[in-house]
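Reading through the structure tokens given below for one structure.
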Amino acid sequence: MTERVLPFNEALAEVLSHASGLATPREVEPLPLLEASGRVLAQSIAAERDQPPFDRSTRDGYAVRAADVAAGRMLHVAGSVRAGERWIGQPLAQGETIEIMTGAPLPAGADAVLMVEYTTVAEEVLRVTEGRVLRSGENVVPRGAEAHTGDSLLPVGRVLGAAELAVAASCGCASLQVFARPNVAIVATGDELVELEATPEPWQIRNSNSYALASLVRAEGGVAQRLAIAHDSLTDLRERIAQGRKADLLLLSGGVSMGKYDLVEQVLADAGAEFLFTGALIQPGRPVVFGRLPGLGKSAGAWTYFFGLPGNPVSTQVCFHLFVAPLLKALAGRSDLAPRFVEARLAEDAKGGARVTRFLPAELASAWDAVTVRVVSWQGSGDIAANARGNCYAVFPAGVEAFHAGETVRVLLR
């Protein structure tokens, strides 16, 4: 095995290249509309009629001919129309107006809606507030302005949230075709680990990583399969990797550093793994490993992709958001693969001078006039309490000597 340690941007590009190349069609299943929430759309949704299907009023008021309002005339109120109705009388004539409610179809002959706030009405005569001018088309959404019949509204690969379900419902879709969820095997490694029900000795720790990874996998649309802890032995690791490679994606935490008992890469190599990179110049998470195993993958063609994640919990979660999530999204059929970054202003000075890109637990705070981020005080990549106090990761590029309050930095969302 040849060591291949990449700068962050190159490591991410490697993952995205493989993720975008996973073109093998996944299995699909039909689900009732509400049950499809959170799933990935496997069919395109097209408009089955114009949207809106009529010229629609956007205000409560009076349907008018705009030229009549500009002329300053008093207008005769000829009737009323509300949402769910249509005007069945004669087309609007010069000098007439029709009371109209938000969402109602514009009567024939009208070309604008005068808001009720700018009118007074007495004995079926409407007077316009002095100085009010109205343009043709004002307060009206024309038929087909949102979409025409046959227009694509939702493409394959979209995650179905409230906005997408509303679109599907508007097109009469009582059920949707969605992609099957990818199966992700999770293996925590290390002699120091015990399961939750055990009482740890002073030199042992509970297996928290597999629970964190299972939660992250579910949040990205996968099915998490937590396998038994793999102890630091070749036999144990071979057995767990043999089980895990039957899944669509294999995640291993721990055992990928340079210690005497870090055996994960050796066992993967013995199983015929191709290592795409063996480290990334980031902190925390430098020892992260990305590769693929031949043969038993269900969704990646002839390969089962794997990640060897550092065992320290913060490192594990940072590497998941940066590298695992994009590949998992692709396996789930999604089209939006890249990690989500935003920008915010530093609330406090932050230390610089690192030779690697740092992703530090931080707290993002949003206010009307500013979005700020503050690095959480932490004790390194094993500090799970500090990680929980944050809600994001502040990104500090390599080679910058200091970062000052008020400067803009990138933030990795989670």
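Residue numbering restarts at 1 in every chain; chains get A, B, ... in the order shown in the structure tokens, and ligands count up from 1 in that same order.
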
Exercise for review: Write down as a VMD selection string the residues of segment 133-282 of chain A whose backbone DSSP state falls under strand (DSSP E or B).
Suggested key: chain A and resid 140 to 141 147 152 to 154 159 175 to 179 183 to 189 193 to 194 205 to 206 223 to 226 230 249 to 253 274 to 277 279 to 282

**Study point:** Residues of segment 81-202 of chain A in helix (DSSP H, G or I), written as JSON, numbers by chain
**Key:** {"A": [116, 117, 118, 162, 163, 164, 165, 166, 167, 168, 169, 170]}

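Each of A:Phe403, A:Ala66, A:Asn209, A:Gly150 was compared to Glu138 of chain A using only C-alpha atoms, and A:Ala66 turns out to be the nearest.
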
Mind checking which residues fall within 12 Å of Arg65 of chain A, counting only C-alpha atoms, ignoring those fewer than 2 positions away in the same chain, and posting them as a PDB file with C-alpha atoms, in the first residue's frame?
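Resulting contents of result14.pdb:
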```
ATOM      1  CA  TYR A  62     -61.314  45.304  -6.815  1.00  0.00           C
ATOM      2  CA  ALA A  63     -60.724  43.922 -10.294  1.00  0.00           C
ATOM      3  CA  ALA A  67     -56.884  52.757 -17.497  1.00  0.00           C
ATOM      4  CA  ASP A  68     -60.103  53.554 -15.601  1.00  0.00           C
ATOM      5  CA  VAL A  69     -58.183  54.077 -12.371  1.00  0.00           C
ATOM      6  CA  ALA A  70     -55.621  56.266 -14.088  1.00  0.00           C
ATOM      7  CA  ALA A  71     -58.412  58.434 -15.401  1.00  0.00           C
ATOM      8  CA  GLY A  72     -59.650  59.023 -11.854  1.00  0.00           C
ATOM      9  CA  ARG A  73     -63.216  57.945 -12.551  1.00  0.00           C
ATOM     10  CA  LEU A  75     -66.428  53.057 -10.763  1.00  0.00           C
ATOM     11  CA  PRO A  91     -66.817  40.878 -19.160  1.00  0.00           C
ATOM     12  CA  LEU A  92     -65.888  43.956 -17.226  1.00  0.00           C
ATOM     13  CA  ALA A  93     -66.932  47.085 -19.080  1.00  0.00           C
ATOM     14  CA  GLN A  94     -65.430  50.542 -18.993  1.00  0.00           C
ATOM     15  CA  GLY A  95     -66.260  52.282 -15.719  1.00  0.00           C
ATOM     16  CA  GLU A  96     -67.045  49.022 -13.866  1.00  0.00           C
ATOM     17  CA  THR A  97     -65.249  47.105 -11.130  1.00  0.00           C
ATOM     18  CA  ILE A  98     -65.794  43.754  -9.432  1.00  0.00           C
ATOM     19  CA  LEU A 106     -59.504  37.691 -12.529  1.00  0.00           C
ATOM     20  CA  PRO A 107     -62.794  38.391 -14.345  1.00  0.00           C
ATOM     21  CA  ALA A 108     -62.681  38.800 -18.121  1.00  0.00           C
ATOM     22  CA  GLY A 109     -62.072  42.376 -19.145  1.00  0.00           C
ATOM     23  CA  ALA A 110     -60.067  43.273 -16.019  1.00  0.00           C
ATOM     24  CA  ASP A 111     -56.302  43.675 -16.182  1.00  0.00           C
ATOM     25  CA  ALA A 112     -55.333  44.679 -12.607  1.00  0.00           C
ATOM     26  CA  VAL A 113     -56.463  44.568  -8.981  1.00  0.00           C
ATOM     27  CA  LEU A 114     -56.806  47.711  -6.898  1.00  0.00           C
ATOM     28  CA  VAL A 133     -52.091  55.145  -9.936  1.00  0.00           C
ATOM     29  CA  LEU A 134     -52.458  51.544 -11.103  1.00  0.00           C
ATOM     30  CA  ARG A 135     -50.517  49.722 -13.795  1.00  0.00           C
ATOM     31  CA  SER A 136     -51.887  46.969 -16.004  1.00  0.00           C
ATOM     32  CA  GLY A 137     -51.029  43.594 -14.414  1.00  0.00           C
ATOM     33  CA  GLU A 138     -50.567  44.989 -10.908  1.00  0.00           C
TER      34      GLU A 138
END
```

Find the residues near Leu227 of chain A: any atom within 10 Å, counting only C-alpha atoms, skip ones fewer than 2 places away on the same chain, and give them as a compact mmCIF listing (two decimals) with C-alpha atoms, in the first residue's frame.
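Saved file result-v2.txt follows:
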```txt
# COMPACT_ATOMS: atom_id res chain seq x y z
CA ALA A 185 -22.23 -0.94 7.84
CA ILE A 186 -20.54 0.68 10.84
CA VAL A 187 -17.61 -0.91 12.66
CA ALA A 188 -16.00 0.67 15.71
CA SER A 210 -20.95 3.93 16.22
CA ALA A 224 -27.33 2.22 9.57
CA GLN A 225 -26.17 -1.28 10.52
CA ILE A 229 -16.96 -3.92 18.11
CA ALA A 230 -13.82 -5.15 16.34
CA ARG A 240 -16.08 -7.50 10.69
CA ILE A 241 -14.82 -6.25 7.32
CA GLN A 243 -19.56 -8.65 7.16
CA GLY A 244 -19.42 -4.95 6.37
```

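One distance worth recording is that between atom CA of Arg374 of chain A and atom CA of Arg345 of chain A, which is 8.7 Å.
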
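The shell of residues at most 10 Å from Ser233 of chain A, with only C-alpha atoms counted and near chain neighbours (fewer than 4 positions) removed, consists of Thr189, Gly190, Asp191, Leu237, Arg238, Tyr261, Asp262, Leu263, Val264 and Val267 of chain A.
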
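Atom CA of Arg132 of chain A is found 9.4 Å from atom CA of Thr119 of chain A.
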
Exercise for review: Using only C-alpha atoms, determine which residues lie at most 8 Å from Leu6 of chain A, disregarding the query and same-chain residues fewer than 6 positions distant; provide the list as a ChimeraX atom specification.
Suggested key: /A:277,279-281

Practice item. List the neighbours of Phe320 of chain A out to 10 Å using only C-alpha atoms; skip same-chain residues closer than 2 positions along the sequence, and give me the result as a PyMOL selection string. Key: chain A and resi 213+216-217+251+285+288+307+309+314-318+322-328+339+414

Write the residues you've just listed into a file as a compact mmCIF listing (two decimals), in the first residue's frame, and include C-alpha atoms for each of them.
```txt
# COMPACT_ATOMS: atom_id res chain seq x y z
CA LEU A 213 -22.20 7.55 12.90
CA LEU A 216 -25.35 10.83 10.83
CA VAL A 217 -26.05 8.04 8.35
CA LEU A 251 -17.44 2.83 7.75
CA GLY A 285 -9.05 13.97 10.98
CA VAL A 288 -8.80 9.47 7.30
CA PHE A 307 -13.87 5.02 4.85
CA LEU A 309 -12.21 7.21 10.09
CA VAL A 314 -14.64 14.88 16.82
CA SER A 315 -12.33 13.65 14.06
CA THR A 316 -14.87 10.97 13.16
CA GLN A 317 -17.71 13.46 12.82
CA VAL A 318 -15.70 16.10 10.95
CA LEU A 322 -16.53 16.42 4.78
CA PHE A 323 -16.07 13.11 2.99
CA VAL A 324 -18.57 10.40 3.92
CA ALA A 325 -21.74 12.47 3.46
CA PRO A 326 -21.07 13.30 -0.23
CA LEU A 327 -20.58 9.65 -1.16
CA LEU A 328 -23.57 8.55 0.92
CA PRO A 339 -20.59 19.65 1.89
CA ARG A 414 -23.71 20.01 10.18
```

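From atom CA of Ala214 of chain A back to atom CA of Pro313 of chain A, the distance works out to 13.0 Å.
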
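Nearest to Leu160 of chain A of all the residues A:Ile205, A:Ala42, A:Val121, A:Met115 is A:Ala42, based on only C-alpha atoms.
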
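Closest approach to Ala147 of chain A among A:Gly333, A:Gly222, A:Gly61, A:Pro53: A:Pro53, based on only C-alpha atoms.
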
Point to revise | Pick from A:Asn139, A:Thr102, A:Thr58, A:Ser253 nearest to Gly311 of chain A, counting only C-alpha atoms | key: A:Ser253

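The shortest atom-to-atom distance to Gln51 of chain A, with only C-alpha atoms taken into account, belongs to A:Leu153 out of A:Ala388, A:Leu153, A:Ile100, A:Ala162.
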
Check your understanding: From the set A:Ala242, A:Val395, A:Leu31, A:Ala405, which residue has the shortest atom-to-atom contact distance to Ala271 of chain A, counting only C-alpha atoms?
Key -> A:Ala242
